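**Q** Below you will find the structure I want to go over with you.
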Amino acid sequence: PALWGPDAEAEAKIRLGWVDTHQRSRELLPQLAELKAELADLDHVVLAGMGGSSLAPEVITRTLGRPLTVLDTTDPGQVRAALGDRLERTVVVVASKSGSTVETDSHRRAYLQAFLDAGMTEAEAGRHFVIVTDPGSPLEETAAAMGAFTVLADPNVGGRYSALTAFGLVPSALAGVEV
């Protein structure tokens, strides 16, 4: 962290988590295996995330030929199409480091309403969500209130470098990639 000088050292100390994330993320593997087994009946994976939260999983799954619907748009036609596709078999991975990304929260709300409109109870609908966020974010609280599965991300890794963190690994694993 001292590389950038004393004025930047404090910030650099909390932004260099990506340097060894390929080792630390191995700790996620048992949790991902458990999550995949718990949600085995939900075989349509939708990733709701913007930018850094969705780019790596899209590349990983496309490269390995695994199906993943990436919803990183506010285009009403694309959102409507995603909502109408295999809803009863869908698990929605909501990915936001800050937990306050408006577009991502809008996708979460749209899916929640679609699940409820399809006749699911709130508890049943909550089971269709996996929340990936930083510890202490507003989304962590929302996930608990929804009864959603939560995977906490490494807060010391920025979105652009999150490929090998929970942001890249959770949706990829649920889509069938051997992470």
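Please note that chains go A, B, ... in the order of the structure tokens, that every chain numbers its residues from 1, and that ligands are numbered from 1 in the order shown.
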Please identify which residues in region 4-178 of chain A DSSP calls alpha helix (DSSP H) from the backbone, and express them as a VMD selection string.
**A** chain A and resid 6 to 13 21 to 24 29 to 38 52 to 63 76 to 83 102 to 117 122 to 126 138 to 146 166 to 174
**Q** Skip Thr90 (chain A) itself and residues of its chain fewer than 2 positions away, then list as a JSON list (two decimals) with C-alpha atoms, in the first residue's frame all residues within 10 Å of it, counting only C-alpha atoms.
**A**
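Output saved as part38.json:
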[["chain", "number", "residue", "atom", "x", "y", "z"],
["A", 39, "LEU", "CA", -31.34, -24.76, -4.89],
["A", 41, "ASP", "CA", -34.59, -27.54, -8.32],
["A", 42, "LEU", "CA", -34.07, -23.95, -9.56],
["A", 43, "ASP", "CA", -32.18, -24.41, -12.80],
["A", 44, "HIS", "CA", -32.75, -21.02, -14.46],
["A", 45, "VAL", "CA", -30.22, -18.54, -13.08],
["A", 46, "VAL", "CA", -30.77, -14.81, -13.50],
["A", 82, "ALA", "CA", -36.54, -12.02, -18.35],
["A", 83, "LEU", "CA", -39.51, -11.93, -15.95],
["A", 85, "ASP", "CA", -38.97, -16.85, -18.67],
["A", 86, "ARG", "CA", -39.34, -20.00, -16.49],
["A", 87, "LEU", "CA", -40.29, -18.05, -13.39],
["A", 88, "GLU", "CA", -41.13, -21.11, -11.27],
["A", 92, "VAL", "CA", -32.27, -14.56, -8.98],
["A", 93, "VAL", "CA", -28.79, -13.59, -7.89],
["A", 111, "TYR", "CA", -38.88, -10.35, -9.53],
["A", 115, "PHE", "CA", -43.09, -14.39, -7.75],
["A", 128, "HIS", "CA", -35.76, -17.79, -5.12],
["A", 129, "PHE", "CA", -33.18, -15.10, -4.27]]
**Q** Show me, as JSON lines, the residues of region 22-136 of chain A having an atom within 10 Å of region 152-158 of chain A, each with the closest atom pair and its distance in Å, using only C-alpha atoms.
**A**
{"residue": "A:Arg24", "atom": "CA", "partner": "A:Asp154", "partner_atom": "CA", "distance": 9.2}
{"residue": "A:Ser25", "atom": "CA", "partner": "A:Asp154", "partner_atom": "CA", "distance": 8.8}
{"residue": "A:Leu28", "atom": "CA", "partner": "A:Ala153", "partner_atom": "CA", "distance": 9.6}
{"residue": "A:Gly52", "atom": "CA", "partner": "A:Gly158", "partner_atom": "CA", "distance": 8.2}
{"residue": "A:Ser53", "atom": "CA", "partner": "A:Gly158", "partner_atom": "CA", "distance": 9.6}
{"residue": "A:Ala95", "atom": "CA", "partner": "A:Ala153", "partner_atom": "CA", "distance": 9.6}
{"residue": "A:Ser96", "atom": "CA", "partner": "A:Ala153", "partner_atom": "CA", "distance": 9.5}
{"residue": "A:Lys97", "atom": "CA", "partner": "A:Ala153", "partner_atom": "CA", "distance": 7.5}
{"residue": "A:Ser98", "atom": "CA", "partner": "A:Pro155", "partner_atom": "CA", "distance": 9.3}
{"residue": "A:Ile131", "atom": "CA", "partner": "A:Leu152", "partner_atom": "CA", "distance": 8.1}
{"residue": "A:Val132", "atom": "CA", "partner": "A:Leu152", "partner_atom": "CA", "distance": 5.7}
{"residue": "A:Thr133", "atom": "CA", "partner": "A:Leu152", "partner_atom": "CA", "distance": 5.4}
{"residue": "A:Asp134", "atom": "CA", "partner": "A:Ala153", "partner_atom": "CA", "distance": 4.9}
{"residue": "A:Pro135", "atom": "CA", "partner": "A:Leu152", "partner_atom": "CA", "distance": 5.8}
{"residue": "A:Gly136", "atom": "CA", "partner": "A:Leu152", "partner_atom": "CA", "distance": 9.1}
**Q** Hey, can you spit out that residue selection with N, CA, C and O atoms as a tab-separated table (two decimals), in the first residue's frame?
**A**
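Written file, selection_25.tsv:
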chain	number	residue	atom	x	y	z
A	24	ARG	N	-8.04	-16.54	-1.19
A	24	ARG	CA	-9.05	-16.35	-0.15
A	24	ARG	C	-10.43	-16.81	-0.58
A	24	ARG	O	-11.23	-17.26	0.24
A	25	SER	N	-10.74	-16.74	-1.85
A	25	SER	CA	-12.07	-17.13	-2.33
A	25	SER	C	-12.30	-18.63	-2.25
A	25	SER	O	-13.44	-19.08	-2.33
A	28	LEU	N	-15.01	-19.88	-0.03
A	28	LEU	CA	-16.41	-19.86	-0.46
A	28	LEU	C	-16.88	-21.21	-1.00
A	28	LEU	O	-18.08	-21.46	-1.08
A	52	GLY	N	-19.40	-4.13	-12.87
A	52	GLY	CA	-18.45	-5.08	-12.31
A	52	GLY	C	-19.09	-6.30	-11.67
A	52	GLY	O	-18.49	-7.36	-11.61
A	53	SER	N	-20.34	-6.17	-11.24
A	53	SER	CA	-21.02	-7.29	-10.60
A	53	SER	C	-21.53	-8.32	-11.59
A	53	SER	O	-21.89	-9.42	-11.21
A	95	ALA	N	-26.81	-8.85	-7.14
A	95	ALA	CA	-25.42	-8.55	-6.81
A	95	ALA	C	-25.17	-7.05	-6.79
A	95	ALA	O	-25.30	-6.37	-7.80
A	96	SER	N	-24.81	-6.54	-5.61
A	96	SER	CA	-24.50	-5.12	-5.46
A	96	SER	C	-23.58	-4.94	-4.26
A	96	SER	O	-23.97	-5.26	-3.13
A	97	LYS	N	-22.38	-4.45	-4.50
A	97	LYS	CA	-21.44	-4.22	-3.40
A	97	LYS	C	-22.01	-3.25	-2.38
A	97	LYS	O	-22.03	-3.52	-1.19
A	98	SER	N	-22.48	-2.12	-2.86
A	98	SER	CA	-22.99	-1.09	-1.95
A	98	SER	C	-24.34	-1.47	-1.37
A	98	SER	O	-24.72	-0.99	-0.30
A	131	ILE	N	-28.58	-13.22	-2.48
A	131	ILE	CA	-28.07	-11.86	-2.42
A	131	ILE	C	-26.56	-11.90	-2.22
A	131	ILE	O	-26.09	-12.56	-1.29
A	132	VAL	N	-25.84	-11.20	-3.08
A	132	VAL	CA	-24.39	-11.06	-2.94
A	132	VAL	C	-24.11	-9.58	-2.71
A	132	VAL	O	-24.44	-8.74	-3.55
A	133	THR	N	-23.55	-9.27	-1.55
A	133	THR	CA	-23.31	-7.87	-1.21
A	133	THR	C	-22.20	-7.79	-0.17
A	133	THR	O	-21.78	-8.80	0.39
A	134	ASP	N	-21.75	-6.59	0.08
A	134	ASP	CA	-20.74	-6.38	1.11
A	134	ASP	C	-21.38	-6.44	2.50
A	134	ASP	O	-22.56	-6.09	2.66
A	135	PRO	N	-20.60	-6.87	3.49
A	135	PRO	CA	-21.12	-6.90	4.86
A	135	PRO	C	-21.58	-5.51	5.30
A	135	PRO	O	-20.92	-4.51	5.02
A	136	GLY	N	-22.74	-5.47	5.95
A	136	GLY	CA	-23.25	-4.21	6.49
A	136	GLY	C	-23.98	-3.34	5.48
A	136	GLY	O	-24.46	-2.26	5.83
**Q** With distances taken over only C-alpha atoms, which residue among A:Val79, A:Val177, A:Val130, A:Leu64 lies nearest Glu38 (chain A)?
**A**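 Looking at the shortest contact to Glu38 (chain A), the residue is A:Val130.
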**Q** May I have all residues of region 1-172 of chain A that DSSP, computed from the backbone, assigns to strand (DSSP E or B), given as a list in words?
**A** His44, Val45, Val46, Leu47, Ala48, Gly49, Thr69, Val70, Leu71, Thr90, Val91, Val92, Val93, Val94, Ala95, Ser96, Phe129, Val130, Ile131, Val132, Thr133, Phe149, Thr150, Val151 and Leu152 of chain A
**Q** Of the candidates A:Ser100, A:Glu124, A:Leu29, A:Val151, which shows the shortest atom-to-atom distance to Phe167 (chain A), using only C-alpha atoms?
**A**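 Of A:Ser100, A:Glu124, A:Leu29, A:Val151, the one nearest Phe167 (chain A), counting only C-alpha atoms, is A:Val151.
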**Q** Nearest residue to Pro171 (chain A) out of A:Thr69, A:Thr121, A:Ser137, A:Thr101, using only C-alpha atoms?
**A**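 Smallest separation from Pro171 (chain A) among the options: A:Thr69.
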